[in-house]
Amino acid sequence: MTRPAAANLEQDLAAAGFLLLGGFAPDDSVAVPLLSSGKAARSLLLIGSTGPSIWPHLTASPEYRSGQPDPLDRYTRRSLLELAEASGYEPVFPFEGPPYYPFQQWALKCGGFSQSPLGVLAHHTFGPWAGFRAAFLSAETFDGPKPETMDGPCPTCTDAPCLTICPVGAVTLHEGYRVADCRDHLATSRDLDCWSGCLARRACPFGQEHQQSQATAGFHMEIFVGLVAR
Ligand code: B12
Ligand code: SF4
Ligand code: SF4
């Protein structure tokens with residue numbers, strides 16, 4: 001099966017609410033699973049989404065309308081499996097696990113991202129709003145996007161507003177993101193602003209136009225609180 005030009009793949013991804021975040025030729029510096037044939041992958045493409053890009057596609061999908069759990073993961077699996085198969089890739093997903101695939105390490109290897117105090121990686125264009133939805137693997141020589149020339153924004157962000165705005169100080173420079181403090185605060189009231197999106201994440205000046213809407217943020221918060229419930 002031949003693979004489409006990267007431009008076609010990007011168009012097909014966009015039509016389903018996703019985007020190509022980067023890629024690399026796997027080497028010994030980062031673990032990448034073998035292909036189903038037992039061969040080593042020689043190409044990895046990182047597929048993601050931002051707040052506004054995926055929401056309309058997700059809410060129109062049968063997975064969302066069915067009211068069953070995990071609609072985002074089910075929509076992602078169906079649409080990206082189809083797209084990967086049609087273009088000669090084998091997909092792996094961030095929600096497969098535990099153990100989980102090291103998507104954040106793969107993103108750092110693609111370039112353009114930096115580790116943020118929020119726990120999530122921040123991107124020079126998408127800020128802290130890029131979610132990882134799949135990695136497309138192939139045994140063919142890497143012919144994906146050119147290496148990123150820009151770093152992620154955190155090392156040069158001297159103001160770091162994400163560190164000062166959290167009402168319970170759950171985002172810290174030295175300890176990173178304190179999940180339990182955040183969860184306990186959210187549990188105090190459903191009327192908190194945080195339920196419409198993490199204030200610290202929203203304070204990041206990078207990628208503001210890629211933020212989640214209140215509806216999207218609420219959807220993710222529900223899942224987050226469900227996962228970390230005591
Ligand atoms: C388990 C999990 C959680 C758990 C625990 C998170 C934790 N810190 O341990 C809980 C439920 C708390 C959680 C919460 C959230 N998560 Co979460 N989570 C995951 C999941 C499924 C697995 C993480 C893991 O254990 N990976 C396995 C290790 C081996 O992979 P890894 O890439 O090496 O990851 C580690 C390294 O990046 C390392 N690391 C940190 N700094 C650095 C720096 C360098 C240089 C290197 C090399 C490594 C490194 O720390 C990571 C965790 O151990 C990932 C998806 C995935 N497959 O990665 C999402 C993921 C990390 N989560 C994500 C998100 C967005 C969130 C939430 C914001 C969800 C929300 N409400 O919207 C919250 C808040 C997270 C926060 N602020 O930290 C995104 C992050 C996207 C990004 N841009 O980075 C991911 C990638 C999911 C996705 N589909 O995009 N999450
Ligand atoms: S506010 Fe600055 S330090 Fe915080 S996530 Fe954004 S770029 Fe990184
Ligand atoms: S959701 Fe609210 S409590 Fe949790 S880290 Fe963000 S700002 Fe802090």
# chains A, B, ... in the order shown; residues from 1 in each chain; ligands from 1
$ residues_around --residues "stretch 207-217 of chain A" --least-positions-apart "2" --cutoff "6 Å" --atoms "only C-alpha atoms" --output "list of chain:residue names"
A:Thr50, A:Gly51, A:Pro52, A:Thr125, A:Phe126, A:Gly127, A:Trp129, A:Ser196, A:Gly197, A:Phe219, A:His220
$ closest_atom_pairs --of "chain A" --to "ligand 2" --cutoff "12 Å" --atoms "only C-alpha atoms and all ligand atoms" --output "JSON lines"
{"residue": "A:Gly112", "atom": "CA", "partner": "ligand 2", "partner_atom_place_in_ligand_line": "7 (S)", "distance": 12.0}
{"residue": "A:Phe113", "atom": "CA", "partner": "ligand 2", "partner_atom_place_in_ligand_line": "8 (Fe)", "distance": 9.7}
{"residue": "A:Ser114", "atom": "CA", "partner": "ligand 2", "partner_atom_place_in_ligand_line": "8 (Fe)", "distance": 7.4}
{"residue": "A:Gln115", "atom": "CA", "partner": "ligand 2", "partner_atom_place_in_ligand_line": "8 (Fe)", "distance": 7.4}
{"residue": "A:Ser116", "atom": "CA", "partner": "ligand 2", "partner_atom_place_in_ligand_line": "5 (S)", "distance": 4.7}
{"residue": "A:Pro117", "atom": "CA", "partner": "ligand 2", "partner_atom_place_in_ligand_line": "4 (Fe)", "distance": 6.2}
{"residue": "A:Leu118", "atom": "CA", "partner": "ligand 2", "partner_atom_place_in_ligand_line": "5 (S)", "distance": 6.2}
{"residue": "A:Gly119", "atom": "CA", "partner": "ligand 2", "partner_atom_place_in_ligand_line": "5 (S)", "distance": 8.7}
{"residue": "A:Val120", "atom": "CA", "partner": "ligand 2", "partner_atom_place_in_ligand_line": "5 (S)", "distance": 8.0}
{"residue": "A:Leu121", "atom": "CA", "partner": "ligand 2", "partner_atom_place_in_ligand_line": "5 (S)", "distance": 7.6}
{"residue": "A:Ala122", "atom": "CA", "partner": "ligand 2", "partner_atom_place_in_ligand_line": "5 (S)", "distance": 5.6}
{"residue": "A:His123", "atom": "CA", "partner": "ligand 2", "partner_atom_place_in_ligand_line": "7 (S)", "distance": 8.1}
{"residue": "A:His124", "atom": "CA", "partner": "ligand 2", "partner_atom_place_in_ligand_line": "7 (S)", "distance": 8.2}
{"residue": "A:Thr125", "atom": "CA", "partner": "ligand 2", "partner_atom_place_in_ligand_line": "7 (S)", "distance": 10.4}
{"residue": "A:Phe126", "atom": "CA", "partner": "ligand 2", "partner_atom_place_in_ligand_line": "6 (Fe)", "distance": 10.2}
{"residue": "A:Gly127", "atom": "CA", "partner": "ligand 2", "partner_atom_place_in_ligand_line": "6 (Fe)", "distance": 6.4}
{"residue": "A:Pro128", "atom": "CA", "partner": "ligand 2", "partner_atom_place_in_ligand_line": "5 (S)", "distance": 6.1}
{"residue": "A:Trp129", "atom": "CA", "partner": "ligand 2", "partner_atom_place_in_ligand_line": "5 (S)", "distance": 9.8}
{"residue": "A:Ala130", "atom": "CA", "partner": "ligand 2", "partner_atom_place_in_ligand_line": "5 (S)", "distance": 11.9}
{"residue": "A:Asp151", "atom": "CA", "partner": "ligand 2", "partner_atom_place_in_ligand_line": "7 (S)", "distance": 10.9}
{"residue": "A:Gly152", "atom": "CA", "partner": "ligand 2", "partner_atom_place_in_ligand_line": "7 (S)", "distance": 7.6}
{"residue": "A:Pro153", "atom": "CA", "partner": "ligand 2", "partner_atom_place_in_ligand_line": "7 (S)", "distance": 4.6}
{"residue": "A:Cys154", "atom": "CA", "partner": "ligand 2", "partner_atom_place_in_ligand_line": "8 (Fe)", "distance": 3.6}
{"residue": "A:Pro155", "atom": "CA", "partner": "ligand 2", "partner_atom_place_in_ligand_line": "3 (S)", "distance": 7.0}
{"residue": "A:Thr156", "atom": "CA", "partner": "ligand 2", "partner_atom_place_in_ligand_line": "7 (S)", "distance": 7.7}
{"residue": "A:Cys157", "atom": "CA", "partner": "ligand 2", "partner_atom_place_in_ligand_line": "2 (Fe)", "distance": 4.6}
{"residue": "A:Thr158", "atom": "CA", "partner": "ligand 2", "partner_atom_place_in_ligand_line": "2 (Fe)", "distance": 7.1}
{"residue": "A:Asp159", "atom": "CA", "partner": "ligand 2", "partner_atom_place_in_ligand_line": "2 (Fe)", "distance": 6.8}
{"residue": "A:Ala160", "atom": "CA", "partner": "ligand 2", "partner_atom_place_in_ligand_line": "2 (Fe)", "distance": 4.1}
{"residue": "A:Pro161", "atom": "CA", "partner": "ligand 2", "partner_atom_place_in_ligand_line": "1 (S)", "distance": 4.9}
{"residue": "A:Cys162", "atom": "CA", "partner": "ligand 2", "partner_atom_place_in_ligand_line": "4 (Fe)", "distance": 4.4}
{"residue": "A:Leu163", "atom": "CA", "partner": "ligand 2", "partner_atom_place_in_ligand_line": "4 (Fe)", "distance": 6.6}
{"residue": "A:Thr164", "atom": "CA", "partner": "ligand 2", "partner_atom_place_in_ligand_line": "1 (S)", "distance": 9.5}
{"residue": "A:Ile165", "atom": "CA", "partner": "ligand 2", "partner_atom_place_in_ligand_line": "1 (S)", "distance": 10.1}
{"residue": "A:Cys166", "atom": "CA", "partner": "ligand 2", "partner_atom_place_in_ligand_line": "4 (Fe)", "distance": 11.6}
{"residue": "A:Val171", "atom": "CA", "partner": "ligand 2", "partner_atom_place_in_ligand_line": "4 (Fe)", "distance": 9.3}
{"residue": "A:Thr172", "atom": "CA", "partner": "ligand 2", "partner_atom_place_in_ligand_line": "4 (Fe)", "distance": 10.1}
{"residue": "A:Leu173", "atom": "CA", "partner": "ligand 2", "partner_atom_place_in_ligand_line": "3 (S)", "distance": 8.9}
{"residue": "A:Gly176", "atom": "CA", "partner": "ligand 2", "partner_atom_place_in_ligand_line": "4 (Fe)", "distance": 10.7}
{"residue": "A:Tyr177", "atom": "CA", "partner": "ligand 2", "partner_atom_place_in_ligand_line": "5 (S)", "distance": 11.3}
{"residue": "A:Cys198", "atom": "CA", "partner": "ligand 2", "partner_atom_place_in_ligand_line": "5 (S)", "distance": 11.8}
{"residue": "A:Leu199", "atom": "CA", "partner": "ligand 2", "partner_atom_place_in_ligand_line": "1 (S)", "distance": 10.9}
{"residue": "A:Ala200", "atom": "CA", "partner": "ligand 2", "partner_atom_place_in_ligand_line": "4 (Fe)", "distance": 7.7}
{"residue": "A:Arg201", "atom": "CA", "partner": "ligand 2", "partner_atom_place_in_ligand_line": "5 (S)", "distance": 6.7}
{"residue": "A:Arg202", "atom": "CA", "partner": "ligand 2", "partner_atom_place_in_ligand_line": "1 (S)", "distance": 8.7}
{"residue": "A:Ala203", "atom": "CA", "partner": "ligand 2", "partner_atom_place_in_ligand_line": "1 (S)", "distance": 6.3}
{"residue": "A:Cys204", "atom": "CA", "partner": "ligand 2", "partner_atom_place_in_ligand_line": "1 (S)", "distance": 3.8}
{"residue": "A:Pro205", "atom": "CA", "partner": "ligand 2", "partner_atom_place_in_ligand_line": "6 (Fe)", "distance": 6.0}
{"residue": "A:Phe206", "atom": "CA", "partner": "ligand 2", "partner_atom_place_in_ligand_line": "6 (Fe)", "distance": 6.0}
{"residue": "A:Gly207", "atom": "CA", "partner": "ligand 2", "partner_atom_place_in_ligand_line": "6 (Fe)", "distance": 8.8}
{"residue": "A:Gln208", "atom": "CA", "partner": "ligand 2", "partner_atom_place_in_ligand_line": "6 (Fe)", "distance": 9.9}
$ closest_residue --among "A:Phe132, A:Tyr89, A:Tyr100, A:Phe142" --to "A:Leu9" --atoms "only C-alpha atoms"
A:Tyr89
$ residues_around --residues "A:Glu82" --least-positions-apart "4" --cutoff "12 Å" --atoms "only C-alpha atoms" --output "PyMOL selection string"
chain A and resi 12-13+16+75-78+86-91+136
$ write_last_selection --atoms "N, CA and C atoms" --output "PDB file, in the first residue's frame"
ATOM      1  N   ASP A  12      -6.624  15.097   5.378  1.00  0.00           N
ATOM      2  CA  ASP A  12      -7.544  14.072   5.886  1.00  0.00           C
ATOM      3  C   ASP A  12      -7.664  14.156   7.409  1.00  0.00           C
ATOM      4  N   LEU A  13      -6.523  14.425   8.060  1.00  0.00           N
ATOM      5  CA  LEU A  13      -6.554  14.571   9.526  1.00  0.00           C
ATOM      6  C   LEU A  13      -7.418  15.773   9.909  1.00  0.00           C
ATOM      7  N   ALA A  16     -11.135  15.427  10.006  1.00  0.00           N
ATOM      8  CA  ALA A  16     -11.700  14.691  11.141  1.00  0.00           C
ATOM      9  C   ALA A  16     -11.392  15.377  12.475  1.00  0.00           C
ATOM     10  N   TYR A  75     -14.021   7.791  19.521  1.00  0.00           N
ATOM     11  CA  TYR A  75     -14.037   8.527  18.248  1.00  0.00           C
ATOM     12  C   TYR A  75     -12.633   8.549  17.638  1.00  0.00           C
ATOM     13  N   THR A  76     -11.647   8.812  18.496  1.00  0.00           N
ATOM     14  CA  THR A  76     -10.257   8.863  18.041  1.00  0.00           C
ATOM     15  C   THR A  76      -9.848   7.523  17.450  1.00  0.00           C
ATOM     16  N   ARG A  77     -10.147   6.450  18.159  1.00  0.00           N
ATOM     17  CA  ARG A  77      -9.725   5.122  17.687  1.00  0.00           C
ATOM     18  C   ARG A  77     -10.353   4.802  16.328  1.00  0.00           C
ATOM     19  N   ARG A  78     -11.665   5.030  16.216  1.00  0.00           N
ATOM     20  CA  ARG A  78     -12.327   4.685  14.943  1.00  0.00           C
ATOM     21  C   ARG A  78     -11.769   5.532  13.795  1.00  0.00           C
ATOM     22  N   ALA A  86      -5.782   3.336   5.755  1.00  0.00           N
ATOM     23  CA  ALA A  86      -5.888   3.802   4.364  1.00  0.00           C
ATOM     24  C   ALA A  86      -4.566   4.375   3.873  1.00  0.00           C
ATOM     25  N   SER A  87      -3.700   4.794   4.787  1.00  0.00           N
ATOM     26  CA  SER A  87      -2.461   5.438   4.345  1.00  0.00           C
ATOM     27  C   SER A  87      -1.213   4.611   4.679  1.00  0.00           C
ATOM     28  N   GLY A  88      -1.402   3.356   5.084  1.00  0.00           N
ATOM     29  CA  GLY A  88      -0.256   2.455   5.241  1.00  0.00           C
ATOM     30  C   GLY A  88       0.503   2.586   6.548  1.00  0.00           C
ATOM     31  N   TYR A  89      -0.140   3.125   7.583  1.00  0.00           N
ATOM     32  CA  TYR A  89       0.496   3.236   8.903  1.00  0.00           C
ATOM     33  C   TYR A  89      -0.196   2.309   9.904  1.00  0.00           C
ATOM     34  N   GLU A  90       0.531   1.991  10.976  1.00  0.00           N
ATOM     35  CA  GLU A  90      -0.078   1.295  12.116  1.00  0.00           C
ATOM     36  C   GLU A  90      -0.184   2.301  13.257  1.00  0.00           C
ATOM     37  N   PRO A  91      -1.392   2.525  13.785  1.00  0.00           N
ATOM     38  CA  PRO A  91      -1.522   3.511  14.853  1.00  0.00           C
ATOM     39  C   PRO A  91      -1.373   2.891  16.241  1.00  0.00           C
ATOM     40  N   PHE A 136       1.407   7.354  14.415  1.00  0.00           N
ATOM     41  CA  PHE A 136       1.341   6.503  13.216  1.00  0.00           C
ATOM     42  C   PHE A 136       2.749   5.952  12.972  1.00  0.00           C
TER      43      PHE A 136
END
$ atom_distance --atom1 "atom 19 (C, counted along the ligand's line) of ligand 1" --atom2 "atom CA of A:Glu148"
24.4 Å
$ residues_around --residues "A:His185" --least-positions-apart "3" --cutoff "9 Å" --atoms "only C-alpha atoms" --output "MDAnalysis selection string"
chainID A and resid 167:168 180:182 188:189 192 194
$ atom_distance --atom1 "atom 24 (C, counted along the ligand's line) of ligand 1" --atom2 "atom CA of A:Tyr101"
7.1 Å
